[in-house]
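Peer 1: Attaching a single structure in structure tokens format; questions to follow.
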Amino acid sequence: MREIILETAGVRSVIRCGAGAFEKFAPEIDGKVFVVTDTNVYRIYGGLIERTFKGAPVKVIPAGEKSKNGRRLFDILKAMAEADLKRNSRVVAIGGGVVGDIAGLAASLYMRGVRLVQIPTTLLSQVDSSVGGKTAIDFCNIKNLVGTFYQPQEVIVDPTFLKTLPAREIRCGLGEIIKYAALDKDIYSKLSGAENIKDLKFLGDITADCIGHKARVVTADEHDLNGTRKTLNLGHTTGHALELYFGGKSHGEFVLIGMYYEMYIARKLGVGGGEYFEKLTSLIGQVIKVPAYADLQGAVAAAGHDKKNESERITLIVPEREGRSAEITVGRDEYLKYLTECAKELGAGV
Ligand code: NAD
Ligand code: GLY
């Protein structure tokens, strides 16, 4: 079992990682508990949840990104009011990033903030979304437009939950894990040396390393203000743009696709390359086959709206060398040219 402490202004977040963490720590959560989960998680783990939190109200929301909306948020807040939660109550979010993001937002709003415990059950939520305090719903068709920074008091990360996770969701989490490898030397060498990066025991161990990395970044830049936290967006500009425009794969798979295309651009601009990029490419190849997209103008337009852009140019966070990333900007025409070239190399239009 590993314990990681994330200290930010006024909040000490205790993150416990390891097989059996749920069984050991969930029953110790004190105060009145209010559980938020989704239909899929409840179908599999409803019995466990009811046994662990005897008598606690359980709000089950429909599984999927569509639940991250204002109506569902107020639905949760209403159930919290009906359960007569007080400021010392605990909102316990059990599920993937969707549950964590909306339950975290509800916890931050109710009585201007009640205590929050995150119990992530997908690989993506274990390595990324449950840690660091970003909460959100989607609004006006824009992802994560409305949200808060609100740190959980406690995060319980138990890889046992991954046993029931569909393969697509494992690939999704691996996208973020390979992103961490491009930011952190130790994670890079563990992944490079792994026999099978999809092995659940390996994933359980590497998850704590990824959380450790994220905790250090969030400690240095909780509110995404000084450029440190932005590094966690490596590969995401192009990944998000392709996801918005083409869809059909999980978020984490698009992070890997974005990394691949952005490494092509970085190389063209003289940033990174060589054996290091080949190794990262080989890690990406262990998870997905990078698609050769055609007609990339729409994706370029989508990248133009990325929050990291500070001008008309497109901002990319790319790997540079082991343990180091770089921020580069590229004009839209040049961006389209390189994306198209990269897609052609992958076989588009042949
Ligand atoms: P998700 O919450 O939709 O979960 C994916 C699917 O897996 C769902 O169908 C869910 O019901 C199911 N599931 C969850 N746990 C399971 C289990 N143990 N066994 C079987 N099925 C299970 O998706 P996600 O990938 O976990 O999270 C994506 C969300 O996270 C997005 O909304 C994204 O914006 C957000 N996110 C937030 C942050 C942050 O810092 N707050 C970071 C990254 C992503
Ligand atoms: N997932 C990126 C962040 O938490 O900043």
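Letters A, B, ... mark the chains of the structure tokens in the order given; residue numbers begin at 1 per chain; ligand numbers begin at 1, in order shown.
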What lies within 8 Å of Gly18 of chain A using only C-alpha atoms, ignoring chain neighbours under 5 positions off, as a list in words?
Peer 2: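 Answer for this query is Met1, Arg2, Val157, Asp158, Pro159, Gly204 and Asp205 of chain A.
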Peer 1: Put those residues in a file: C-alpha atoms, as a short mmCIF file (atom, residue, chain, number, x, y, z; two decimals), in the first residue's frame.
Peer 2:
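As a result, result17.cif now contains:
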```cif
data_model
loop_
_atom_site.label_atom_id
_atom_site.label_comp_id
_atom_site.auth_asym_id
_atom_site.auth_seq_id
_atom_site.Cartn_x
_atom_site.Cartn_y
_atom_site.Cartn_z
CA MET A 1 0.00 0.00 0.00
CA ARG A 2 1.38 3.45 -0.85
CA VAL A 157 -7.23 3.97 -5.31
CA ASP A 158 -7.81 0.22 -5.47
CA PRO A 159 -6.67 -1.57 -8.65
CA GLY A 204 -1.67 -1.17 -10.14
CA ASP A 205 1.99 -0.36 -9.34
#
```
Peer 1: Distance table requested - chain A against ligand 1, cut-off 6 Å, only C-alpha atoms and all ligand atoms: one row per qualifying residue with the closest atom pair and its distance in Å to one decimal, ordered by chain and rising residue number, as CSV.
Peer 2:
```
residue,atom,partner,partner_atom_place_in_ligand_line,distance
A:Asp38,CA,ligand 1,11 (O),5.8
A:Asn40,CA,ligand 1,11 (O),4.3
A:Val41,CA,ligand 1,16 (C),5.3
A:Ala63,CA,ligand 1,11 (O),4.6
A:Gly64,CA,ligand 1,3 (O),4.4
A:Glu65,CA,ligand 1,32 (O),5.5
A:Gly95,CA,ligand 1,14 (C),4.9
A:Gly96,CA,ligand 1,2 (O),3.2
A:Gly97,CA,ligand 1,27 (O),3.2
A:Val98,CA,ligand 1,2 (O),3.9
A:Val99,CA,ligand 1,2 (O),5.7
A:Asp101,CA,ligand 1,41 (N),5.5
A:Thr121,CA,ligand 1,15 (N),4.3
A:Thr122,CA,ligand 1,15 (N),4.6
A:Leu124,CA,ligand 1,25 (O),5.1
A:Ser125,CA,ligand 1,26 (O),4.8
A:Asp128,CA,ligand 1,42 (C),5.3
A:Ser129,CA,ligand 1,39 (C),3.6
A:Lys134,CA,ligand 1,41 (N),4.2
A:Thr135,CA,ligand 1,41 (N),5.1
A:Phe161,CA,ligand 1,18 (N),4.3
A:Leu162,CA,ligand 1,18 (N),5.2
A:Thr164,CA,ligand 1,19 (N),4.1
A:Leu165,CA,ligand 1,19 (N),3.9
```
Peer 1: For segment 49-58 of chain A, work out the shell of residues within 9 Å, counting only C-alpha atoms and skipping chain neighbours fewer than 6 positions away, then give it as a list in words.
Peer 2: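 Once the nearby chain positions are removed, what remains is Glu23, Ala26, Pro27, Lys32, Val33, Phe34, Val35, Val36, Thr37, Tyr42, Ala79, Met80, Ala83 and Ile94 of chain A.
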Peer 1: Please report as JSON lines every residue of chain A lying within 12 Å of ligand 2, along with the nearest atom pair and their distance in Å (one decimal), using only C-alpha atoms and all ligand atoms.
Peer 2:
```
{"residue": "A:Gly97", "atom": "CA", "partner": "ligand 2", "partner_atom_place_in_ligand_line": "1 (N)", "distance": 10.2}
{"residue": "A:Asp101", "atom": "CA", "partner": "ligand 2", "partner_atom_place_in_ligand_line": "4 (O)", "distance": 11.0}
{"residue": "A:Leu124", "atom": "CA", "partner": "ligand 2", "partner_atom_place_in_ligand_line": "1 (N)", "distance": 9.6}
{"residue": "A:Ser125", "atom": "CA", "partner": "ligand 2", "partner_atom_place_in_ligand_line": "1 (N)", "distance": 9.5}
{"residue": "A:Gln126", "atom": "CA", "partner": "ligand 2", "partner_atom_place_in_ligand_line": "1 (N)", "distance": 11.4}
{"residue": "A:Val127", "atom": "CA", "partner": "ligand 2", "partner_atom_place_in_ligand_line": "1 (N)", "distance": 9.4}
{"residue": "A:Asp128", "atom": "CA", "partner": "ligand 2", "partner_atom_place_in_ligand_line": "1 (N)", "distance": 5.8}
{"residue": "A:Ser129", "atom": "CA", "partner": "ligand 2", "partner_atom_place_in_ligand_line": "1 (N)", "distance": 5.9}
{"residue": "A:Ser130", "atom": "CA", "partner": "ligand 2", "partner_atom_place_in_ligand_line": "4 (O)", "distance": 8.7}
{"residue": "A:Val131", "atom": "CA", "partner": "ligand 2", "partner_atom_place_in_ligand_line": "4 (O)", "distance": 7.3}
{"residue": "A:Gly132", "atom": "CA", "partner": "ligand 2", "partner_atom_place_in_ligand_line": "4 (O)", "distance": 5.7}
{"residue": "A:Gly133", "atom": "CA", "partner": "ligand 2", "partner_atom_place_in_ligand_line": "4 (O)", "distance": 7.4}
{"residue": "A:Lys134", "atom": "CA", "partner": "ligand 2", "partner_atom_place_in_ligand_line": "4 (O)", "distance": 6.1}
{"residue": "A:Thr135", "atom": "CA", "partner": "ligand 2", "partner_atom_place_in_ligand_line": "4 (O)", "distance": 9.3}
{"residue": "A:Ala136", "atom": "CA", "partner": "ligand 2", "partner_atom_place_in_ligand_line": "4 (O)", "distance": 11.3}
{"residue": "A:Asn144", "atom": "CA", "partner": "ligand 2", "partner_atom_place_in_ligand_line": "1 (N)", "distance": 11.2}
{"residue": "A:Thr148", "atom": "CA", "partner": "ligand 2", "partner_atom_place_in_ligand_line": "4 (O)", "distance": 11.7}
{"residue": "A:Phe149", "atom": "CA", "partner": "ligand 2", "partner_atom_place_in_ligand_line": "4 (O)", "distance": 9.8}
{"residue": "A:Tyr150", "atom": "CA", "partner": "ligand 2", "partner_atom_place_in_ligand_line": "4 (O)", "distance": 11.5}
{"residue": "A:Gln151", "atom": "CA", "partner": "ligand 2", "partner_atom_place_in_ligand_line": "4 (O)", "distance": 11.3}
{"residue": "A:Gly173", "atom": "CA", "partner": "ligand 2", "partner_atom_place_in_ligand_line": "1 (N)", "distance": 11.7}
{"residue": "A:Gly175", "atom": "CA", "partner": "ligand 2", "partner_atom_place_in_ligand_line": "1 (N)", "distance": 11.9}
{"residue": "A:Glu176", "atom": "CA", "partner": "ligand 2", "partner_atom_place_in_ligand_line": "1 (N)", "distance": 8.8}
{"residue": "A:Ile177", "atom": "CA", "partner": "ligand 2", "partner_atom_place_in_ligand_line": "1 (N)", "distance": 11.6}
{"residue": "A:Lys179", "atom": "CA", "partner": "ligand 2", "partner_atom_place_in_ligand_line": "1 (N)", "distance": 10.7}
{"residue": "A:Tyr180", "atom": "CA", "partner": "ligand 2", "partner_atom_place_in_ligand_line": "1 (N)", "distance": 10.9}
{"residue": "A:Cys210", "atom": "CA", "partner": "ligand 2", "partner_atom_place_in_ligand_line": "1 (N)", "distance": 11.6}
{"residue": "A:Ile211", "atom": "CA", "partner": "ligand 2", "partner_atom_place_in_ligand_line": "4 (O)", "distance": 10.7}
{"residue": "A:His213", "atom": "CA", "partner": "ligand 2", "partner_atom_place_in_ligand_line": "4 (O)", "distance": 11.3}
{"residue": "A:Lys214", "atom": "CA", "partner": "ligand 2", "partner_atom_place_in_ligand_line": "4 (O)", "distance": 7.7}
{"residue": "A:Ala215", "atom": "CA", "partner": "ligand 2", "partner_atom_place_in_ligand_line": "4 (O)", "distance": 9.7}
{"residue": "A:Arg216", "atom": "CA", "partner": "ligand 2", "partner_atom_place_in_ligand_line": "4 (O)", "distance": 11.7}
{"residue": "A:Val217", "atom": "CA", "partner": "ligand 2", "partner_atom_place_in_ligand_line": "5 (O)", "distance": 8.7}
{"residue": "A:Val218", "atom": "CA", "partner": "ligand 2", "partner_atom_place_in_ligand_line": "5 (O)", "distance": 7.6}
{"residue": "A:Thr219", "atom": "CA", "partner": "ligand 2", "partner_atom_place_in_ligand_line": "5 (O)", "distance": 11.4}
{"residue": "A:Ala220", "atom": "CA", "partner": "ligand 2", "partner_atom_place_in_ligand_line": "5 (O)", "distance": 11.7}
{"residue": "A:Asp221", "atom": "CA", "partner": "ligand 2", "partner_atom_place_in_ligand_line": "5 (O)", "distance": 9.3}
{"residue": "A:Glu222", "atom": "CA", "partner": "ligand 2", "partner_atom_place_in_ligand_line": "5 (O)", "distance": 8.4}
{"residue": "A:His223", "atom": "CA", "partner": "ligand 2", "partner_atom_place_in_ligand_line": "5 (O)", "distance": 8.5}
{"residue": "A:Asp224", "atom": "CA", "partner": "ligand 2", "partner_atom_place_in_ligand_line": "5 (O)", "distance": 7.0}
{"residue": "A:Leu225", "atom": "CA", "partner": "ligand 2", "partner_atom_place_in_ligand_line": "5 (O)", "distance": 10.7}
{"residue": "A:Gly227", "atom": "CA", "partner": "ligand 2", "partner_atom_place_in_ligand_line": "5 (O)", "distance": 10.5}
{"residue": "A:Thr228", "atom": "CA", "partner": "ligand 2", "partner_atom_place_in_ligand_line": "5 (O)", "distance": 9.3}
{"residue": "A:Arg229", "atom": "CA", "partner": "ligand 2", "partner_atom_place_in_ligand_line": "5 (O)", "distance": 5.5}
{"residue": "A:Lys230", "atom": "CA", "partner": "ligand 2", "partner_atom_place_in_ligand_line": "5 (O)", "distance": 6.5}
{"residue": "A:Thr231", "atom": "CA", "partner": "ligand 2", "partner_atom_place_in_ligand_line": "5 (O)", "distance": 8.2}
{"residue": "A:Leu232", "atom": "CA", "partner": "ligand 2", "partner_atom_place_in_ligand_line": "2 (C)", "distance": 5.3}
{"residue": "A:Asn233", "atom": "CA", "partner": "ligand 2", "partner_atom_place_in_ligand_line": "2 (C)", "distance": 6.1}
{"residue": "A:Leu234", "atom": "CA", "partner": "ligand 2", "partner_atom_place_in_ligand_line": "2 (C)", "distance": 9.4}
{"residue": "A:Gly235", "atom": "CA", "partner": "ligand 2", "partner_atom_place_in_ligand_line": "2 (C)", "distance": 11.5}
{"residue": "A:His236", "atom": "CA", "partner": "ligand 2", "partner_atom_place_in_ligand_line": "2 (C)", "distance": 9.5}
{"residue": "A:His251", "atom": "CA", "partner": "ligand 2", "partner_atom_place_in_ligand_line": "1 (N)", "distance": 11.4}
{"residue": "A:Gly252", "atom": "CA", "partner": "ligand 2", "partner_atom_place_in_ligand_line": "1 (N)", "distance": 11.0}
{"residue": "A:Val255", "atom": "CA", "partner": "ligand 2", "partner_atom_place_in_ligand_line": "1 (N)", "distance": 11.3}
{"residue": "A:Lys308", "atom": "CA", "partner": "ligand 2", "partner_atom_place_in_ligand_line": "5 (O)", "distance": 11.8}
```
Peer 1: Would you list, as a list in words, the residues of segment 283-346 of chain A that end up in strand (DSSP E) under DSSP run on this structure's backbone?
Peer 2: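 Answer for segment 283-346 of chain A restricted to strand (DSSP E) is Ile314, Thr315, Leu316, Ile317, Val318, Pro319, Glu320, Arg321, Arg324, Ser325, Ala326, Glu327, Ile328, Thr329 and Val330 of chain A.
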Peer 1: For the residues selected in the previous step, produce a file with N, CA, C and O atoms as a PDB file, in the first residue's frame.
Peer 2:
```pdb
ATOM      1  N   ILE A 314      -1.114  27.788 -32.534  1.00  0.00           N
ATOM      2  CA  ILE A 314      -1.580  26.641 -31.752  1.00  0.00           C
ATOM      3  C   ILE A 314      -0.470  26.182 -30.812  1.00  0.00           C
ATOM      4  O   ILE A 314       0.679  26.013 -31.239  1.00  0.00           O
ATOM      5  N   THR A 315      -0.826  26.015 -29.544  1.00  0.00           N
ATOM      6  CA  THR A 315       0.167  25.637 -28.534  1.00  0.00           C
ATOM      7  C   THR A 315       0.154  24.125 -28.325  1.00  0.00           C
ATOM      8  O   THR A 315      -0.904  23.525 -28.139  1.00  0.00           O
ATOM      9  N   LEU A 316       1.332  23.535 -28.362  1.00  0.00           N
ATOM     10  CA  LEU A 316       1.460  22.090 -28.155  1.00  0.00           C
ATOM     11  C   LEU A 316       2.461  21.843 -27.029  1.00  0.00           C
ATOM     12  O   LEU A 316       3.502  22.504 -26.962  1.00  0.00           O
ATOM     13  N   ILE A 317       2.147  20.878 -26.146  1.00  0.00           N
ATOM     14  CA  ILE A 317       3.129  20.434 -25.156  1.00  0.00           C
ATOM     15  C   ILE A 317       3.652  19.096 -25.672  1.00  0.00           C
ATOM     16  O   ILE A 317       2.885  18.139 -25.823  1.00  0.00           O
ATOM     17  N   VAL A 318       4.955  19.050 -25.964  1.00  0.00           N
ATOM     18  CA  VAL A 318       5.513  17.856 -26.623  1.00  0.00           C
ATOM     19  C   VAL A 318       6.670  17.291 -25.802  1.00  0.00           C
ATOM     20  O   VAL A 318       7.319  18.016 -25.042  1.00  0.00           O
ATOM     21  N   PRO A 319       6.936  15.984 -25.963  1.00  0.00           N
ATOM     22  CA  PRO A 319       8.129  15.431 -25.297  1.00  0.00           C
ATOM     23  C   PRO A 319       9.373  16.055 -25.925  1.00  0.00           C
ATOM     24  O   PRO A 319       9.367  16.361 -27.121  1.00  0.00           O
ATOM     25  N   GLU A 320      10.431  16.237 -25.115  1.00  0.00           N
ATOM     26  CA  GLU A 320      11.669  16.784 -25.682  1.00  0.00           C
ATOM     27  C   GLU A 320      12.790  15.770 -25.497  1.00  0.00           C
ATOM     28  O   GLU A 320      13.363  15.274 -26.455  1.00  0.00           O
ATOM     29  N   ARG A 321      13.065  15.462 -24.236  1.00  0.00           N
ATOM     30  CA  ARG A 321      13.990  14.372 -23.941  1.00  0.00           C
ATOM     31  C   ARG A 321      13.512  13.733 -22.642  1.00  0.00           C
ATOM     32  O   ARG A 321      12.564  14.233 -22.029  1.00  0.00           O
ATOM     33  N   ARG A 324      11.562  15.420 -19.734  1.00  0.00           N
ATOM     34  CA  ARG A 324      11.432  16.844 -20.027  1.00  0.00           C
ATOM     35  C   ARG A 324      10.507  17.077 -21.216  1.00  0.00           C
ATOM     36  O   ARG A 324      10.652  16.448 -22.263  1.00  0.00           O
ATOM     37  N   SER A 325       9.548  18.016 -21.028  1.00  0.00           N
ATOM     38  CA  SER A 325       8.653  18.363 -22.139  1.00  0.00           C
ATOM     39  C   SER A 325       8.960  19.790 -22.591  1.00  0.00           C
ATOM     40  O   SER A 325       9.684  20.514 -21.904  1.00  0.00           O
ATOM     41  N   ALA A 326       8.417  20.171 -23.728  1.00  0.00           N
ATOM     42  CA  ALA A 326       8.627  21.531 -24.226  1.00  0.00           C
ATOM     43  C   ALA A 326       7.293  22.080 -24.717  1.00  0.00           C
ATOM     44  O   ALA A 326       6.434  21.323 -25.167  1.00  0.00           O
ATOM     45  N   GLU A 327       7.153  23.401 -24.598  1.00  0.00           N
ATOM     46  CA  GLU A 327       5.949  24.032 -25.154  1.00  0.00           C
ATOM     47  C   GLU A 327       6.341  24.665 -26.480  1.00  0.00           C
ATOM     48  O   GLU A 327       7.300  25.422 -26.542  1.00  0.00           O
ATOM     49  N   ILE A 328       5.621  24.328 -27.544  1.00  0.00           N
ATOM     50  CA  ILE A 328       5.927  24.940 -28.836  1.00  0.00           C
ATOM     51  C   ILE A 328       4.639  25.542 -29.403  1.00  0.00           C
ATOM     52  O   ILE A 328       3.548  25.130 -29.015  1.00  0.00           O
ATOM     53  N   THR A 329       4.783  26.518 -30.282  1.00  0.00           N
ATOM     54  CA  THR A 329       3.586  27.036 -30.957  1.00  0.00           C
ATOM     55  C   THR A 329       3.796  26.908 -32.454  1.00  0.00           C
ATOM     56  O   THR A 329       4.936  26.944 -32.943  1.00  0.00           O
ATOM     57  N   VAL A 330       2.687  26.770 -33.155  1.00  0.00           N
ATOM     58  CA  VAL A 330       2.777  26.560 -34.594  1.00  0.00           C
ATOM     59  C   VAL A 330       1.604  27.289 -35.257  1.00  0.00           C
ATOM     60  O   VAL A 330       0.485  27.310 -34.706  1.00  0.00           O
TER      61      VAL A 330
END
```
Peer 1: For Tyr260 of chain A, work out the shell of residues within 8 Å, counting only C-alpha atoms and skipping chain neighbours fewer than 4 positions away, then give it as a PyMOL selection string.
Peer 2: chain A and resi 235+256+264+281+284+290
Peer 1: Given the choices A:Lys289, A:Arg90, A:His240, A:Lys185, which gets closest to Ala303 of chain A if the distance is worked out from only C-alpha atoms?
Peer 2: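 The shortest atom-to-atom distance to Ala303 of chain A comes from A:His240.
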Peer 1: Which of these, A:Leu191, A:Ile4, A:Ala299, A:Ile257, has the shortest distance to Gly285 of chain A once you count only C-alpha atoms?
Peer 2: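 So, comparing all the options, the nearest one is A:Ile257.
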Peer 1: With distances taken over only C-alpha atoms, which of A:Gly10, A:Asn69, A:Ile197, A:Ile119 is nearest to Phe22 of chain A?
Peer 2: A:Ile119
Peer 1: Which residue gives the smallest distance to Leu183 of chain A among A:Val60, A:Ile15, A:Leu296, A:Leu280, with only C-alpha atoms counted?
Peer 2: A:Leu280
Peer 1: State, in Å with one decimal place, the distance from atom CA of Gln286 of chain A to atom CA of Val155 of chain A.
Peer 2: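 Going from atom CA of Gln286 of chain A over to atom CA of Val155 of chain A, I get 29.4 Å.
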Peer 1: Write down as a VMD selection string the residues of segment 157-196 of chain A whose backbone DSSP state falls under helix (DSSP H, G or I).
Peer 2: chain A and resid 159 to 164 167 to 181 185 to 193
Peer 1: Please dump the current selection as an mmCIF file, in the first residue's frame; keep N, CA and C atoms.
Peer 2:
```cif
data_model
loop_
_atom_site.group_PDB
_atom_site.id
_atom_site.type_symbol
_atom_site.label_atom_id
_atom_site.label_comp_id
_atom_site.auth_asym_id
_atom_site.auth_seq_id
_atom_site.Cartn_x
_atom_site.Cartn_y
_atom_site.Cartn_z
ATOM 1 N N PRO A 159 -6.709 -0.982 -7.301
ATOM 2 C CA PRO A 159 -6.673 -1.574 -8.650
ATOM 3 C C PRO A 159 -7.589 -2.794 -8.800
ATOM 4 N N THR A 160 -8.092 -3.322 -7.690
ATOM 5 C CA THR A 160 -9.013 -4.461 -7.780
ATOM 6 C C THR A 160 -10.212 -4.123 -8.670
ATOM 7 N N PHE A 161 -10.616 -2.839 -8.666
ATOM 8 C CA PHE A 161 -11.766 -2.437 -9.488
ATOM 9 C C PHE A 161 -11.498 -2.627 -10.984
ATOM 10 N N LEU A 162 -10.200 -2.641 -11.361
ATOM 11 C CA LEU A 162 -9.875 -2.701 -12.800
ATOM 12 C C LEU A 162 -10.235 -4.052 -13.411
ATOM 13 N N LYS A 163 -10.433 -5.065 -12.555
ATOM 14 C CA LYS A 163 -10.710 -6.422 -13.074
ATOM 15 C C LYS A 163 -11.973 -6.461 -13.922
ATOM 16 N N THR A 164 -12.915 -5.553 -13.645
ATOM 17 C CA THR A 164 -14.187 -5.598 -14.381
ATOM 18 C C THR A 164 -14.237 -4.559 -15.509
ATOM 19 N N ALA A 167 -11.785 -3.598 -21.999
ATOM 20 C CA ALA A 167 -10.445 -3.362 -22.582
ATOM 21 C C ALA A 167 -10.295 -1.928 -23.090
ATOM 22 N N ARG A 168 -11.370 -1.398 -23.665
ATOM 23 C CA ARG A 168 -11.300 -0.021 -24.201
ATOM 24 C C ARG A 168 -10.944 0.973 -23.082
ATOM 25 N N GLU A 169 -11.491 0.742 -21.881
ATOM 26 C CA GLU A 169 -11.218 1.661 -20.770
ATOM 27 C C GLU A 169 -9.787 1.482 -20.246
ATOM 28 N N ILE A 170 -9.244 0.268 -20.379
ATOM 29 C CA ILE A 170 -7.831 0.062 -20.005
ATOM 30 C C ILE A 170 -6.954 0.845 -20.994
ATOM 31 N N ARG A 171 -7.279 0.754 -22.284
ATOM 32 C CA ARG A 171 -6.500 1.508 -23.285
ATOM 33 C C ARG A 171 -6.582 3.009 -22.989
ATOM 34 N N CYS A 172 -7.763 3.442 -22.559
ATOM 35 C CA CYS A 172 -7.970 4.857 -22.255
ATOM 36 C C CYS A 172 -7.011 5.306 -21.143
ATOM 37 N N GLY A 173 -6.958 4.534 -20.064
ATOM 38 C CA GLY A 173 -6.054 4.886 -18.959
ATOM 39 C C GLY A 173 -4.600 4.812 -19.384
ATOM 40 N N LEU A 174 -4.285 3.825 -20.239
ATOM 41 C CA LEU A 174 -2.886 3.691 -20.704
ATOM 42 C C LEU A 174 -2.445 4.921 -21.490
ATOM 43 N N GLY A 175 -3.388 5.571 -22.150
ATOM 44 C CA GLY A 175 -3.060 6.810 -22.872
ATOM 45 C C GLY A 175 -2.458 7.817 -21.908
ATOM 46 N N GLU A 176 -3.107 7.995 -20.766
ATOM 47 C CA GLU A 176 -2.589 8.971 -19.786
ATOM 48 C C GLU A 176 -1.287 8.459 -19.157
ATOM 49 N N ILE A 177 -1.177 7.149 -18.955
ATOM 50 C CA ILE A 177 0.048 6.607 -18.332
ATOM 51 C C ILE A 177 1.250 6.850 -19.256
ATOM 52 N N ILE A 178 1.067 6.640 -20.556
ATOM 53 C CA ILE A 178 2.185 6.879 -21.495
ATOM 54 C C ILE A 178 2.496 8.379 -21.560
ATOM 55 N N LYS A 179 1.454 9.204 -21.392
ATOM 56 C CA LYS A 179 1.715 10.651 -21.281
ATOM 57 C C LYS A 179 2.639 10.924 -20.088
ATOM 58 N N TYR A 180 2.352 10.310 -18.943
ATOM 59 C CA TYR A 180 3.220 10.499 -17.770
ATOM 60 C C TYR A 180 4.642 10.022 -18.075
ATOM 61 N N ALA A 181 4.754 8.944 -18.862
ATOM 62 C CA ALA A 181 6.094 8.437 -19.197
ATOM 63 C C ALA A 181 6.888 9.490 -19.964
ATOM 64 N N LYS A 185 10.988 10.574 -15.942
ATOM 65 C CA LYS A 185 12.024 9.580 -16.295
ATOM 66 C C LYS A 185 11.761 8.212 -15.680
ATOM 67 N N ASP A 186 11.365 8.199 -14.394
ATOM 68 C CA ASP A 186 11.189 6.906 -13.710
ATOM 69 C C ASP A 186 10.033 6.126 -14.312
ATOM 70 N N ILE A 187 8.956 6.838 -14.611
ATOM 71 C CA ILE A 187 7.793 6.155 -15.201
ATOM 72 C C ILE A 187 8.178 5.659 -16.599
ATOM 73 N N TYR A 188 8.961 6.473 -17.305
ATOM 74 C CA TYR A 188 9.424 6.070 -18.644
ATOM 75 C C TYR A 188 10.245 4.790 -18.558
ATOM 76 N N SER A 189 11.175 4.711 -17.605
ATOM 77 C CA SER A 189 12.002 3.499 -17.593
ATOM 78 C C SER A 189 11.200 2.291 -17.127
ATOM 79 N N LYS A 190 10.241 2.469 -16.217
ATOM 80 C CA LYS A 190 9.418 1.316 -15.815
ATOM 81 C C LYS A 190 8.580 0.821 -16.989
ATOM 82 N N LEU A 191 8.013 1.758 -17.735
ATOM 83 C CA LEU A 191 7.174 1.337 -18.875
ATOM 84 C C LEU A 191 8.031 0.695 -19.961
ATOM 85 N N SER A 192 9.205 1.292 -20.210
ATOM 86 C CA SER A 192 10.082 0.755 -21.259
ATOM 87 C C SER A 192 10.538 -0.655 -20.918
ATOM 88 N N GLY A 193 10.719 -0.906 -19.617
ATOM 89 C CA GLY A 193 11.238 -2.219 -19.219
ATOM 90 C C GLY A 193 10.147 -3.257 -18.951
#
```
Peer 1: Do a neighbour search on Leu339 of chain A at 9 Å with only C-alpha atoms, toss out local chain neighbours closer than 6 positions, and write the hits as a PyMOL selection string.
Peer 2: chain A and resi 261-262+264-265+293+296+300
Peer 1: Applying 12 Å and only C-alpha atoms, which residues near Gly70 of chain A remain after dropping the ones on its own chain fewer than 4 positions away? List them as a list in words.
Peer 2: Lys66, Phe74, Asp75, Ile76, Leu77, Ile102, Ala103, Leu105, Ala106, Ala136, Ile137, Asp138, Phe139, Cys140, Asn141, Asn144, Leu145, Val146 and Gly147 of chain A
Peer 1: What is the distance, in Å and to one decimal place, between atom CA of Lys268 of chain A and atom CA of Thr237 of chain A?
Peer 2: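 Value for the atom CA of Lys268 of chain A-atom CA of Thr237 of chain A distance: 17.3 Å.
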Peer 1: Work out how far atom CA of Pro120 of chain A is from atom CA of Val287 of chain A, in Å to one decimal.
Peer 2: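 Calculated distance between atom CA of Val287 of chain A and atom CA of Pro120 of chain A is 21.9 Å.
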